[in-house]
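Asker: Contents of input.tsv (TSV, C-alpha atoms) are below:
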```
chain	number	residue	atom	x	y	z
W	854	MET	CA	47.95	106.96	-44.74
W	855	VAL	CA	46.74	110.54	-44.23
W	856	TRP	CA	43.50	111.52	-45.93
W	857	HIS	CA	44.98	113.74	-48.65
W	858	LYS	CA	47.47	111.04	-49.68
W	859	ARG	CA	44.65	108.51	-49.80
W	860	LEU	CA	42.62	110.92	-51.94
W	861	GLU	CA	45.58	111.43	-54.28
W	862	LEU	CA	46.02	107.67	-54.61
W	863	TRP	CA	42.38	107.07	-55.52
W	864	ALA	CA	42.48	109.96	-58.01
W	865	LYS	CA	45.45	108.34	-59.75
W	866	LEU	CA	43.78	104.95	-59.84
W	867	ALA	CA	40.66	106.54	-61.33
W	868	LEU	CA	42.87	108.26	-63.92
W	869	ALA	CA	44.36	104.90	-64.88
W	870	LEU	CA	40.90	103.43	-65.46
W	871	VAL	CA	39.72	106.40	-67.52
W	872	ALA	CA	42.94	106.53	-69.55
W	873	SER	CA	42.82	102.79	-70.25
W	874	ALA	CA	39.30	103.20	-71.65
W	875	LEU	CA	40.25	106.21	-73.78
W	876	LEU	CA	43.46	104.61	-75.08
W	877	TRP	CA	41.96	101.17	-75.74
W	878	ARG	CA	42.53	99.82	-79.25
W	879	PRO	CA	41.27	96.50	-80.66
W	880	GLY	CA	43.90	93.76	-80.85
W	881	ARG	CA	46.34	95.57	-78.59
W	882	ARG	CA	46.20	93.12	-75.67
W	883	ARG	CA	48.46	90.05	-75.88
W	884	LYS	CA	47.69	86.73	-74.25
W	885	PRO	CA	50.28	85.46	-71.73
W	886	GLY	CA	52.60	83.01	-73.44
W	887	SER	CA	51.87	84.29	-76.94
W	888	PRO	CA	55.02	84.62	-79.09
W	889	LEU	CA	56.43	88.11	-79.47
W	890	PRO	CA	58.49	89.34	-82.42
W	891	SER	CA	62.14	90.15	-81.76
W	892	PRO	CA	62.20	93.90	-81.11
W	893	ARG	CA	64.67	96.16	-82.85
W	894	ARG	CA	64.24	99.07	-80.46
W	895	ILE	CA	63.13	98.97	-76.81
W	896	LEU	CA	62.35	101.74	-74.34
W	897	LEU	CA	62.66	101.03	-70.61
W	898	VAL	CA	60.63	103.45	-68.46
W	899	ARG	CA	61.66	104.09	-64.84
W	900	LEU	CA	60.75	107.60	-63.61
W	901	ASP	CA	61.84	107.31	-59.96
W	902	ASN	CA	64.28	110.00	-58.79
W	903	ARG	CA	66.43	107.77	-56.53
W	904	VAL	CA	69.96	106.64	-57.37
W	905	GLY	CA	69.37	103.08	-56.20
W	906	GLU	CA	66.26	102.72	-58.32
W	907	ALA	CA	68.20	103.74	-61.42
W	908	LEU	CA	70.95	101.20	-60.67
W	909	LEU	CA	68.38	98.45	-60.10
W	910	THR	CA	67.41	98.89	-63.76
W	911	THR	CA	70.87	97.97	-65.06
W	912	PRO	CA	70.32	94.18	-64.98
W	913	LEU	CA	67.63	94.70	-67.61
W	914	LEU	CA	70.23	96.33	-69.87
W	915	SER	CA	72.61	93.40	-69.46
W	916	THR	CA	69.83	90.88	-70.08
W	917	LEU	CA	68.68	92.58	-73.28
W	918	LYS	CA	72.18	92.99	-74.65
W	919	ALA	CA	72.94	89.30	-74.01
W	920	ALA	CA	69.99	88.24	-76.21
W	921	PRO	CA	70.78	86.41	-79.49
W	922	LEU	CA	69.56	89.48	-81.39
W	923	PRO	CA	70.33	92.35	-79.01
W	924	PRO	CA	68.02	95.33	-79.58
W	925	GLU	CA	68.78	99.01	-79.40
W	926	VAL	CA	67.92	99.98	-75.82
W	927	HIS	CA	66.81	103.42	-74.66
W	928	VAL	CA	66.02	104.27	-71.03
W	929	LEU	CA	63.56	106.98	-69.98
W	930	VAL	CA	64.45	108.23	-66.49
W	931	HIS	CA	63.78	111.05	-64.06
W	932	SER	CA	65.96	114.03	-64.92
W	933	LYS	CA	67.62	113.90	-61.47
W	934	VAL	CA	69.09	110.43	-62.04
W	935	ALA	CA	70.02	110.63	-65.72
W	936	ARG	CA	73.59	111.22	-64.50
W	937	VAL	CA	73.57	107.79	-62.84
W	938	LEU	CA	73.02	105.87	-66.09
W	939	ALA	CA	74.65	108.29	-68.55
W	940	GLY	CA	77.49	106.58	-70.40
W	941	HIS	CA	76.45	103.09	-69.39
W	942	PRO	CA	78.05	100.76	-71.96
W	943	GLU	CA	74.86	98.70	-72.42
W	944	ALA	CA	72.45	101.62	-72.87
W	945	ASP	CA	72.27	103.11	-76.34
W	946	ARG	CA	70.54	106.23	-75.08
W	947	ILE	CA	69.56	107.70	-71.70
W	948	ILE	CA	66.63	110.10	-71.95
W	949	PRO	CA	65.80	112.53	-69.11
W	950	PHE	CA	62.01	112.75	-69.00
W	951	ASP	CA	60.66	116.10	-70.18
W	952	ARG	CA	57.64	116.83	-67.96
W	953	ARG	CA	56.68	120.13	-69.60
W	954	LEU	CA	52.98	120.49	-70.41
W	955	LEU	CA	52.38	116.90	-69.46
W	956	TRP	CA	48.66	117.58	-69.15
W	957	LEU	CA	48.58	117.76	-72.98
W	958	GLY	CA	49.05	113.99	-73.08
W	959	ALA	CA	50.28	112.77	-76.47
W	960	LEU	CA	50.84	116.40	-77.54
W	961	ALA	CA	53.23	117.22	-74.68
W	962	PRO	CA	56.73	117.99	-76.04
W	963	GLY	CA	58.43	115.12	-74.21
W	964	ILE	CA	55.77	112.59	-75.20
W	965	ARG	CA	55.61	113.73	-78.81
W	966	ALA	CA	59.38	113.40	-79.22
W	967	LEU	CA	59.34	109.85	-77.89
W	968	ARG	CA	56.40	108.79	-80.05
W	969	SER	CA	58.47	109.71	-83.10
W	970	GLU	CA	61.03	107.04	-82.11
W	971	HIS	CA	58.55	104.26	-83.05
W	972	TYR	CA	59.58	101.82	-80.35
W	973	ASP	CA	58.71	98.17	-80.91
W	974	VAL	CA	58.47	97.45	-77.18
W	975	VAL	CA	58.06	99.72	-74.16
W	976	VAL	CA	58.66	98.22	-70.70
W	977	ASP	CA	57.02	99.90	-67.71
W	978	CYS	CA	59.65	99.10	-65.07
W	979	SER	CA	57.56	99.93	-62.02
W	980	ASN	CA	56.98	97.36	-59.30
W	981	TRP	CA	54.10	95.17	-58.18
W	982	SER	CA	53.74	96.45	-54.62
W	983	THR	CA	52.99	100.07	-55.51
W	984	PRO	CA	51.61	100.44	-59.05
W	985	SER	CA	52.76	103.64	-60.75
W	986	VAL	CA	49.94	105.18	-62.74
W	987	THR	CA	52.31	107.81	-64.13
W	988	SER	CA	54.80	105.24	-65.40
W	989	ALA	CA	52.08	103.07	-66.96
W	990	LEU	CA	50.37	106.04	-68.62
W	991	ILE	CA	53.64	107.45	-70.00
W	992	SER	CA	54.60	103.98	-71.29
W	993	ARG	CA	51.31	103.73	-73.16
W	994	LEU	CA	51.45	107.26	-74.57
W	995	VAL	CA	55.03	107.01	-75.91
W	996	GLY	CA	54.34	103.67	-77.59
W	997	PRO	CA	51.00	104.02	-79.39
W	998	ARG	CA	51.79	101.03	-81.62
W	999	ALA	CA	54.33	99.35	-79.36
W	1000	ILE	CA	53.89	96.26	-77.24
W	1001	VAL	CA	53.78	97.71	-73.72
W	1002	ILE	CA	54.91	95.30	-70.99
W	1003	GLY	CA	54.47	95.95	-67.28
W	1004	PRO	CA	53.63	94.45	-63.89
W	1005	HIS	CA	50.31	92.63	-63.59
W	1006	GLN	CA	48.66	94.97	-61.09
W	1007	TRP	CA	45.25	96.57	-60.98
W	1008	PRO	CA	44.41	98.99	-62.56
W	1009	VAL	CA	47.62	99.80	-64.45
W	1010	ARG	CA	47.55	96.45	-66.26
W	1011	TYR	CA	44.75	97.80	-68.46
W	1012	LEU	CA	47.28	100.22	-69.98
W	1013	HIS	CA	49.64	97.38	-70.93
W	1014	SER	CA	49.59	95.10	-73.95
W	1015	LEU	CA	51.00	92.30	-71.82
W	1016	SER	CA	51.09	92.21	-68.02
W	1017	VAL	CA	53.65	90.05	-66.21
W	1018	PRO	CA	52.68	88.40	-62.88
W	1019	ALA	CA	55.19	88.76	-60.06
W	1020	ARG	CA	57.47	85.84	-59.28
W	1021	GLU	CA	56.27	83.83	-56.31
W	1022	ASP	CA	59.62	82.26	-55.42
W	1023	THR	CA	61.44	85.46	-54.45
W	1024	SER	CA	60.82	88.97	-53.15
W	1025	ARG	CA	64.17	90.41	-54.31
W	1026	GLU	CA	63.54	93.61	-56.19
W	1027	VAL	CA	66.35	93.09	-58.69
W	1028	LEU	CA	64.98	89.66	-59.67
W	1029	GLN	CA	61.39	90.85	-59.86
W	1030	ARG	CA	62.33	93.79	-62.05
W	1031	VAL	CA	64.35	91.81	-64.57
W	1032	HIS	CA	61.48	89.30	-64.60
W	1033	LEU	CA	59.54	91.92	-66.59
W	1034	LEU	CA	61.65	90.87	-69.59
W	1035	SER	CA	60.61	87.21	-69.36
W	1036	PRO	CA	58.16	87.47	-72.31
W	1037	LEU	CA	61.02	88.78	-74.47
W	1038	VAL	CA	64.15	86.99	-73.28
W	1039	PRO	CA	63.84	83.31	-72.34
W	1040	GLY	CA	66.27	81.66	-69.97
W	1041	ALA	CA	68.09	82.92	-66.91
W	1042	PRO	CA	68.30	86.72	-66.73
W	1043	HIS	CA	71.28	88.75	-65.61
W	1044	GLN	CA	70.85	89.86	-61.99
W	1045	GLY	CA	74.08	91.75	-61.38
W	1046	MET	CA	73.95	95.54	-61.30
W	1047	SER	CA	76.55	97.53	-63.20
W	1048	PHE	CA	77.99	101.01	-63.57
W	1049	ARG	CA	80.01	102.78	-66.21
W	1050	PRO	CA	83.81	103.08	-65.86
W	1051	PRO	CA	84.07	106.04	-63.45
W	1052	GLN	CA	85.32	109.29	-64.93
W	1053	VAL	CA	87.30	111.30	-62.35
W	1054	SER	CA	89.51	114.36	-62.39
W	1055	ASP	CA	93.30	114.14	-62.34
W	1056	SER	CA	93.38	115.65	-58.84
W	1057	PHE	CA	90.96	113.05	-57.48
W	1058	ARG	CA	92.88	110.27	-59.21
W	1059	SER	CA	96.05	111.52	-57.54
W	1060	TRP	CA	94.31	111.47	-54.14
W	1061	LEU	CA	93.17	107.91	-54.76
W	1062	ASP	CA	96.61	106.78	-55.82
W	1063	ALA	CA	98.26	108.44	-52.81
W	1064	GLY	CA	96.34	106.21	-50.42
W	1065	SER	CA	96.41	103.00	-52.42
W	1066	SER	CA	99.54	101.61	-50.74
W	1067	SER	CA	97.63	100.57	-47.59
W	1068	PRO	CA	94.31	98.73	-47.15
W	1069	ARG	CA	91.27	100.99	-46.96
W	1070	ALA	CA	87.51	100.71	-46.66
W	1071	VAL	CA	84.62	103.05	-47.33
W	1072	VAL	CA	82.24	103.89	-44.49
W	1073	ASN	CA	79.13	105.74	-45.63
W	1074	PRO	CA	76.93	106.69	-42.64
W	1075	GLY	CA	74.45	108.84	-44.55
W	1076	GLY	CA	71.23	108.16	-46.38
W	1077	ARG	CA	68.27	109.94	-47.87
W	1078	LEU	CA	65.82	108.98	-45.10
W	1079	GLY	CA	67.01	109.55	-41.56
W	1080	TRP	CA	64.51	107.16	-39.97
W	1081	ARG	CA	66.12	104.14	-41.61
W	1082	ARG	CA	69.74	105.10	-40.94
W	1083	ILE	CA	71.90	103.38	-38.35
W	1084	PRO	CA	73.05	106.01	-35.79
W	1085	PRO	CA	76.53	107.55	-36.12
W	1086	GLU	CA	77.87	105.86	-32.98
W	1087	ALA	CA	77.28	102.49	-34.66
W	1088	PHE	CA	79.21	103.64	-37.73
W	1089	ALA	CA	81.99	104.85	-35.44
W	1090	ALA	CA	82.10	101.29	-34.08
W	1091	ALA	CA	82.29	100.04	-37.66
W	1092	ALA	CA	85.23	102.36	-38.34
W	1093	ARG	CA	87.03	101.16	-35.19
W	1094	ALA	CA	86.50	97.55	-36.26
W	1095	LEU	CA	88.02	98.31	-39.65
W	1096	ILE	CA	91.02	99.99	-38.01
W	1097	ALA	CA	91.49	96.93	-35.79
W	1098	SER	CA	91.46	94.76	-38.93
W	1099	GLY	CA	94.28	96.81	-40.48
W	1100	ARG	CA	92.22	99.03	-42.79
W	1101	THR	CA	91.91	102.80	-42.90
W	1102	PRO	CA	88.24	103.83	-42.98
W	1103	ILE	CA	87.44	106.58	-45.46
W	1104	VAL	CA	84.19	108.19	-44.28
W	1105	THR	CA	82.19	109.49	-47.22
W	1106	TRP	CA	79.30	111.91	-47.22
W	1107	GLY	CA	76.73	113.48	-49.51
W	1108	PRO	CA	74.95	116.85	-49.53
W	1109	GLY	CA	74.09	117.95	-45.99
W	1110	GLU	CA	75.96	115.01	-44.40
W	1111	GLU	CA	79.42	116.45	-43.73
W	1112	GLU	CA	78.81	117.01	-40.00
W	1113	LEU	CA	77.51	113.45	-39.69
W	1114	ALA	CA	80.67	112.14	-41.33
W	1115	ARG	CA	82.88	114.34	-39.12
W	1116	SER	CA	81.21	112.97	-35.99
W	1117	VAL	CA	82.08	109.43	-37.10
W	1118	VAL	CA	85.70	110.40	-37.79
W	1119	ALA	CA	85.99	112.14	-34.41
W	1120	SER	CA	84.81	108.98	-32.63
W	1121	ALA	CA	87.17	106.70	-34.54
W	1122	PRO	CA	90.75	108.06	-34.41
W	1123	GLY	CA	92.66	106.79	-37.42
W	1124	SER	CA	89.78	107.16	-39.85
W	1125	GLN	CA	89.78	109.80	-42.56
W	1126	LEU	CA	87.16	112.18	-43.89
W	1127	ALA	CA	86.69	111.79	-47.63
W	1128	PRO	CA	86.78	114.87	-49.84
W	1129	PRO	CA	83.52	115.93	-51.51
W	1130	THR	CA	82.61	113.39	-54.20
W	1131	ASN	CA	80.29	113.15	-57.14
W	1132	ILE	CA	78.86	109.78	-58.12
W	1133	ASP	CA	81.81	108.85	-60.37
W	1134	GLU	CA	84.34	109.75	-57.68
W	1135	LEU	CA	82.41	107.80	-55.06
W	1136	ALA	CA	82.25	104.79	-57.40
W	1137	ALA	CA	86.00	105.01	-58.07
W	1138	LEU	CA	86.75	105.23	-54.34
W	1139	MET	CA	84.56	102.22	-53.56
W	1140	ARG	CA	86.16	100.17	-56.32
W	1141	SER	CA	89.67	101.17	-55.19
W	1142	ALA	CA	89.04	100.54	-51.47
W	1143	GLY	CA	87.46	97.16	-52.11
W	1144	LEU	CA	85.16	97.11	-49.06
W	1145	THR	CA	82.13	99.22	-48.13
W	1146	VAL	CA	80.04	99.52	-44.95
W	1147	CYS	CA	76.83	101.50	-45.38
W	1148	ASN	CA	73.12	101.89	-44.76
W	1149	ASN	CA	70.47	100.58	-47.11
W	1150	THR	CA	70.67	103.52	-49.48
W	1151	GLY	CA	71.85	104.57	-52.94
W	1152	PRO	CA	75.57	104.20	-52.14
W	1153	MET	CA	74.91	100.57	-51.12
W	1154	HIS	CA	73.59	99.78	-54.59
W	1155	LEU	CA	76.45	101.74	-56.17
W	1156	SER	CA	79.04	99.79	-54.19
W	1157	VAL	CA	77.49	96.50	-55.30
W	1158	ALA	CA	77.32	97.76	-58.89
W	1159	VAL	CA	81.07	98.48	-58.99
W	1160	GLY	CA	81.89	95.08	-57.47
W	1161	ALA	CA	83.12	96.18	-54.03
W	1162	PRO	CA	82.28	93.69	-51.24
W	1163	THR	CA	79.50	95.46	-49.40
W	1164	LEU	CA	78.14	95.13	-45.86
W	1165	GLY	CA	74.65	96.63	-45.92
W	1166	LEU	CA	73.16	97.60	-42.55
W	1167	PHE	CA	69.35	97.54	-42.62
W	1168	PHE	CA	66.96	99.20	-40.21
W	1169	ARG	CA	63.16	98.98	-40.54
W	1170	MET	CA	63.33	98.08	-44.23
W	1171	ASP	CA	62.63	94.84	-46.08
W	1172	MET	CA	66.11	93.34	-46.40
W	1173	ALA	CA	64.90	90.34	-48.38
W	1174	ARG	CA	63.53	92.67	-51.02
W	1175	TRP	CA	66.15	95.41	-51.23
W	1176	GLY	CA	69.32	93.64	-50.15
W	1177	HIS	CA	72.08	91.89	-52.09
W	1178	PRO	CA	72.69	88.64	-50.19
W	1179	LEU	CA	75.02	86.85	-52.60
W	1180	PRO	CA	78.79	86.77	-51.87
W	1181	PRO	CA	80.94	88.79	-51.66
W	1182	HIS	CA	78.22	90.95	-50.09
W	1183	ARG	CA	76.46	90.56	-46.77
W	1184	MET	CA	73.25	92.17	-45.54
W	1185	VAL	CA	72.40	92.48	-41.83
W	1186	ASP	CA	69.04	93.50	-40.38
W	1187	LEU	CA	69.73	95.41	-37.16
W	1188	THR	CA	66.08	96.15	-36.37
W	1189	PRO	CA	65.80	93.31	-33.80
W	1190	VAL	CA	68.90	94.59	-31.99
W	1191	VAL	CA	67.45	98.09	-31.65
W	1192	ASP	CA	63.96	96.90	-30.71
W	1193	SER	CA	65.30	94.58	-28.01
W	1194	GLY	CA	67.50	97.28	-26.49
W	1195	GLY	CA	70.67	95.42	-27.43
W	1196	ASP	CA	74.14	96.89	-27.73
W	1197	LEU	CA	74.02	98.15	-31.32
W	1198	PRO	CA	77.62	99.46	-31.56
W	1199	ALA	CA	78.93	96.15	-30.21
W	1200	ARG	CA	76.89	94.17	-32.72
W	1201	VAL	CA	78.06	96.36	-35.59
W	1202	PHE	CA	81.69	96.02	-34.44
W	1203	GLU	CA	81.27	92.23	-34.45
W	1204	GLU	CA	79.67	92.15	-37.90
W	1205	VAL	CA	82.25	94.47	-39.47
W	1206	SER	CA	85.17	92.60	-37.92
W	1207	ALA	CA	83.89	89.32	-39.33
W	1208	PHE	CA	83.15	90.82	-42.75
W	1209	ALA	CA	86.59	92.45	-43.01
W	1210	SER	CA	88.29	89.16	-42.12
W	1211	GLY	CA	86.06	87.13	-44.45
W	1212	ASP	CA	84.52	85.08	-41.62
W	1213	PRO	CA	80.79	84.48	-41.31
W	1214	VAL	CA	79.42	85.66	-37.97
W	1215	ARG	CA	75.66	85.25	-38.11
W	1216	THR	CA	73.00	84.71	-40.73
W	1217	SER	CA	72.28	87.77	-42.81
W	1218	ALA	CA	68.71	87.97	-41.52
W	1219	SER	CA	69.63	88.03	-37.81
```
Could you render the structure from this file as structure tokens?
Answerer:
Amino acid sequence: MVWHKRLELWAKLALALVASALLWRPGRRRKPGSPLPSPRRILLVRLDNRVGEALLTTPLLSTLKAAPLPPEVHVLVHSKVARVLAGHPEADRIIPFDRRLLWLGALAPGIRALRSEHYDVVVDCSNWSTPSVTSALISRLVGPRAIVIGPHQWPVRYLHSLSVPAREDTSREVLQRVHLLSPLVPGAPHQGMSFRPPQVSDSFRSWLDAGSSSPRAVVNPGGRLGWRRIPPEAFAAAARALIASGRTPIVTWGPGEEELARSVVASAPGSQLAPPTNIDELAALMRSAGLTVCNNTGPMHLSVAVGAPTLGLFFRMDMARWGHPLPPHRMVDLTPVVDSGGDLPARVFEEVSAFASGDPVRTSAS
């Protein structure tokens, strides 16, 4: 970690300690295992600006709404991903976070508006590996009288009413995150991600319907971080494997990725370049095609959320934590293939061929 990032981290940790002292109130802390009243209104706080992070919050919605006395559930999110959760059938309200004048603390416009909601419980939905001082502080400020629940991690736990230790039997992010609700909802939580029914234009619906007579698959070679993407020649091999299995690959792309997608199409004759898509159109395409091959990125989580069998290709990322290993999905870590100088396109062709035919080829971790 470079020196200025380290300095920023220590400044935030110091802020958490100072804020916890200033915001301390007698009787606010709850002992682990102490009974909690059934909340009428809950706020979930997740301020990350990534699509996948927003989707990983949806199992909490399903878990809360399956409770014997389901509460009203609001979700506070980064303004860039409010579109991801907007219209979700199990969220009563999606709130884009208003960061204006945040230095005013409880008097900031966005904080003041949320304090007036009088939430019974606020859940800081950050993770245990990298404590978010901002998320913990906002959770405390918007719920001055609320029970604030969050991950048991120093020093942000001092801002919570009740801190939840991480599960020791799994590293999966989706299970760890829904575990934050364990003090509120006993029993097995929901772990499946979900997405609203996609809303698409008539012209896009017509394009979907025009290709529905033959088997298709989505190939998404892009991703936010280039260093963890599988190279385009490997995705071209994936497209050729899909063609050999009798499917037409539809190569999708996001902002700044059209040339990447075109290079895959050019190397796999018979594949098609998708039109520009928004998140609803991409979700509808994935659901309609019924099979997705992609990097570990936001579209991978979206594909899983809409129920499309998904082959996630991982590179230099923790697959056990971020992957979705349960059928009908399969996750494959290709890092060892690259590091050993192996034939990556050949391996991807093999994996995609097996996935498209429904045959297991290797263990997901190999």
Asker: How many Å lie between CA of Ile1000 (chain W) and CA of Arg881 (chain W), rounded to one decimal?
Answerer: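 Between CA of Ile1000 (chain W) and CA of Arg881 (chain W) the gap is 7.7 Å.
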Asker: List as a tab-separated table every residue of region 928-1000 of chain W that is in contact with region 1008-1027 of chain W, defined as an atom at most 8 Å from one of its atoms (using only C-alpha atoms), together with the nearest atom pair and the distance in Å rounded to one decimal, sorted by chain and then rising number.
Answerer:
```
residue	atom	partner	partner_atom	distance
W:Trp981	CA	W:Ala1019	CA	6.8
W:Pro984	CA	W:Val1009	CA	6.7
W:Ser985	CA	W:Val1009	CA	7.4
W:Val986	CA	W:Val1009	CA	6.1
W:Ala989	CA	W:Val1009	CA	6.1
W:Leu990	CA	W:Leu1012	CA	6.7
W:Arg993	CA	W:Leu1012	CA	6.2
W:Ile1000	CA	W:Ser1014	CA	5.5
```
Asker: Which one is closest to Ser1210 (chain W): W:Leu1095, W:Gln1125, W:Pro1102, W:Pro890? Count all atoms listed in the file.
Answerer: W:Leu1095
Asker: Per residue of region 982-1043 of chain W within 12 Å of region 908-921 of chain W, record the nearest atom pair and its distance in Å to one decimal, counting all atoms listed in the file, with rows in chain order and ascending residue number, as JSON lines.
Answerer:
```
{"residue": "W:Arg1025", "atom": "CA", "partner": "W:Leu909", "partner_atom": "CA", "distance": 10.8}
{"residue": "W:Glu1026", "atom": "CA", "partner": "W:Leu909", "partner_atom": "CA", "distance": 7.9}
{"residue": "W:Val1027", "atom": "CA", "partner": "W:Leu909", "partner_atom": "CA", "distance": 5.9}
{"residue": "W:Leu1028", "atom": "CA", "partner": "W:Pro912", "partner_atom": "CA", "distance": 8.8}
{"residue": "W:Gln1029", "atom": "CA", "partner": "W:Leu909", "partner_atom": "CA", "distance": 10.3}
{"residue": "W:Arg1030", "atom": "CA", "partner": "W:Thr910", "partner_atom": "CA", "distance": 7.4}
{"residue": "W:Val1031", "atom": "CA", "partner": "W:Leu913", "partner_atom": "CA", "distance": 5.3}
{"residue": "W:His1032", "atom": "CA", "partner": "W:Leu913", "partner_atom": "CA", "distance": 8.7}
{"residue": "W:Leu1033", "atom": "CA", "partner": "W:Leu913", "partner_atom": "CA", "distance": 8.6}
{"residue": "W:Leu1034", "atom": "CA", "partner": "W:Leu913", "partner_atom": "CA", "distance": 7.4}
{"residue": "W:Ser1035", "atom": "CA", "partner": "W:Thr916", "partner_atom": "CA", "distance": 9.9}
{"residue": "W:Pro1036", "atom": "CA", "partner": "W:Leu917", "partner_atom": "CA", "distance": 11.7}
{"residue": "W:Leu1037", "atom": "CA", "partner": "W:Leu917", "partner_atom": "CA", "distance": 8.6}
{"residue": "W:Val1038", "atom": "CA", "partner": "W:Ala920", "partner_atom": "CA", "distance": 6.7}
{"residue": "W:Pro1039", "atom": "CA", "partner": "W:Ala920", "partner_atom": "CA", "distance": 8.8}
{"residue": "W:Gly1040", "atom": "CA", "partner": "W:Ala920", "partner_atom": "CA", "distance": 9.8}
{"residue": "W:Ala1041", "atom": "CA", "partner": "W:Thr916", "partner_atom": "CA", "distance": 8.7}
{"residue": "W:Pro1042", "atom": "CA", "partner": "W:Thr916", "partner_atom": "CA", "distance": 5.6}
{"residue": "W:His1043", "atom": "CA", "partner": "W:Thr916", "partner_atom": "CA", "distance": 5.2}
```
Asker: Using CA of Ala1087 (chain W) and CA of Val1205 (chain W) as the two end points, give the distance in Å to one decimal.
Answerer: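 Taking CA of Ala1087 (chain W) as the start and CA of Val1205 (chain W) as the end point, the length is 10.6 Å.
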Asker: With a distance cut-off of 8 Å and all atoms listed in the file, select the neighbouring residues of region 1137-1139 of chain W, excluding the residue or stretch itself and same-chain residues fewer than 5 positions from it, and output the selection as a list in words.
Answerer: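 The neighbour list is Pro1051, Val1053, Leu1061, Ala1070, Val1071, Leu1144, Thr1145, Ser1156, Val1159 and Ala1161 of chain W.
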Asker: Once you have the residues from the selection above, write them out as a compact mmCIF listing (two decimals), in the frame of the given file, restricted to C-alpha atoms.
Answerer:
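Ended up saving to again.txt:
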```
# COMPACT_ATOMS: atom_id res chain seq x y z
CA PRO W 1051 84.07 106.04 -63.45
CA VAL W 1053 87.30 111.30 -62.35
CA LEU W 1061 93.17 107.91 -54.76
CA ALA W 1070 87.51 100.71 -46.66
CA VAL W 1071 84.62 103.05 -47.33
CA LEU W 1144 85.16 97.11 -49.06
CA THR W 1145 82.13 99.22 -48.13
CA SER W 1156 79.04 99.79 -54.19
CA VAL W 1159 81.07 98.48 -58.99
CA ALA W 1161 83.12 96.18 -54.03
```
Asker: Pick from W:Arg899, W:Arg1174, W:Arg965, W:Arg1169: nearest to Val1190 (chain W), with only C-alpha atoms counted?
Answerer: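 With only C-alpha atoms as the atom set, the closest residue is W:Arg1169.
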Asker: If you measure from CA of Ser1054 (chain W) to CA of Asn1149 (chain W), what distance in Å do you get, rounded to one decimal?
Answerer: 28.0 Å
Asker: Show me, as lines of an AutoDock Vina configuration file, the centre and edge lengths in Å to one decimal of the axis-aligned box that covers every listed atom of region 1002-1012 of chain W with 5 Å on each side.
Answerer:
```
center_x = 49.7
center_y = 96.4
center_z = -66.0
size_x = 20.5
size_y = 17.6
size_z = 20.0
```
Asker: I need the residue nearest Ala1094 (chain W) from this list: W:Ala1063, W:Leu1126, W:Val1201, W:Met1153. Use all atoms listed in the file for the distance.
Answerer: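 Closest residue, counting all atoms listed in the file: W:Val1201.
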Asker: I'd like to know which of W:Gln1052, W:Ser1098, W:Asn1073, W:Ser992 is closest to Gly1211 (chain W), using all atoms listed in the file.
Answerer: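 Checking each of W:Gln1052, W:Ser1098, W:Asn1073, W:Ser992 against Gly1211 (chain W), counting all atoms listed in the file, the winner is W:Ser1098.
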Asker: What lies within 10 Å of Phe950 (chain W) using all atoms listed in the file, ignoring chain neighbours under 4 positions off, as a PyMOL selection string?
Answerer: chain W and resi 898-900+928-933+935+963-964+967+991
Asker: Could you name the residues that touch region 1120-1123 of chain W at 9 Å or less, counting all atoms listed in the file, but leaving out those on the same chain fewer than 5 positions away, as a list in words?
Answerer: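 Within the cut-off, the hits are Glu1086, Ala1089, Ala1090, Ala1091, Ala1092, Arg1093, Ile1096, Thr1101, Pro1102 and Arg1115 of chain W.
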Asker: Emit the selected residues as a short mmCIF file (atom, residue, chain, number, x, y, z; two decimals), in the coordinates of the input, including C-alpha atoms.
Answerer:
```cif
data_model
loop_
_atom_site.label_atom_id
_atom_site.label_comp_id
_atom_site.auth_asym_id
_atom_site.auth_seq_id
_atom_site.Cartn_x
_atom_site.Cartn_y
_atom_site.Cartn_z
CA GLU W 1086 77.87 105.86 -32.98
CA ALA W 1089 81.99 104.85 -35.44
CA ALA W 1090 82.10 101.29 -34.08
CA ALA W 1091 82.29 100.04 -37.66
CA ALA W 1092 85.23 102.36 -38.34
CA ARG W 1093 87.03 101.16 -35.19
CA ILE W 1096 91.02 99.99 -38.01
CA THR W 1101 91.91 102.80 -42.90
CA PRO W 1102 88.24 103.83 -42.98
CA ARG W 1115 82.88 114.34 -39.12
#
```
Asker: Nearest to Phe1208 (chain W): which of W:Leu1187, W:Ala1136, W:Gly1194, W:Thr1163 is it, counting all atoms listed in the file?
Answerer: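 Among the listed residues, W:Thr1163 lies closest to Phe1208 (chain W).
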Asker: Choose the residue, out of W:Pro888, W:Pro1074, W:Gly1079, W:Gly1099, that has the smallest atom-to-atom separation from Leu1113 (chain W); count all atoms listed in the file.
Answerer: W:Pro1074
Asker: Within 9 Å of Phe1168 (chain W), counting all atoms listed in the file, which residues qualify if same-chain residues fewer than 6 places away don't, as a list of chain:residue names?
Answerer: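 The residues satisfying every condition are W:Trp1080, W:Arg1081, W:Arg1082, W:Ile1083, W:Asn1148, W:Asn1149, W:Val1185, W:Asp1186, W:Leu1187, W:Thr1188, W:Pro1189, W:Val1191.
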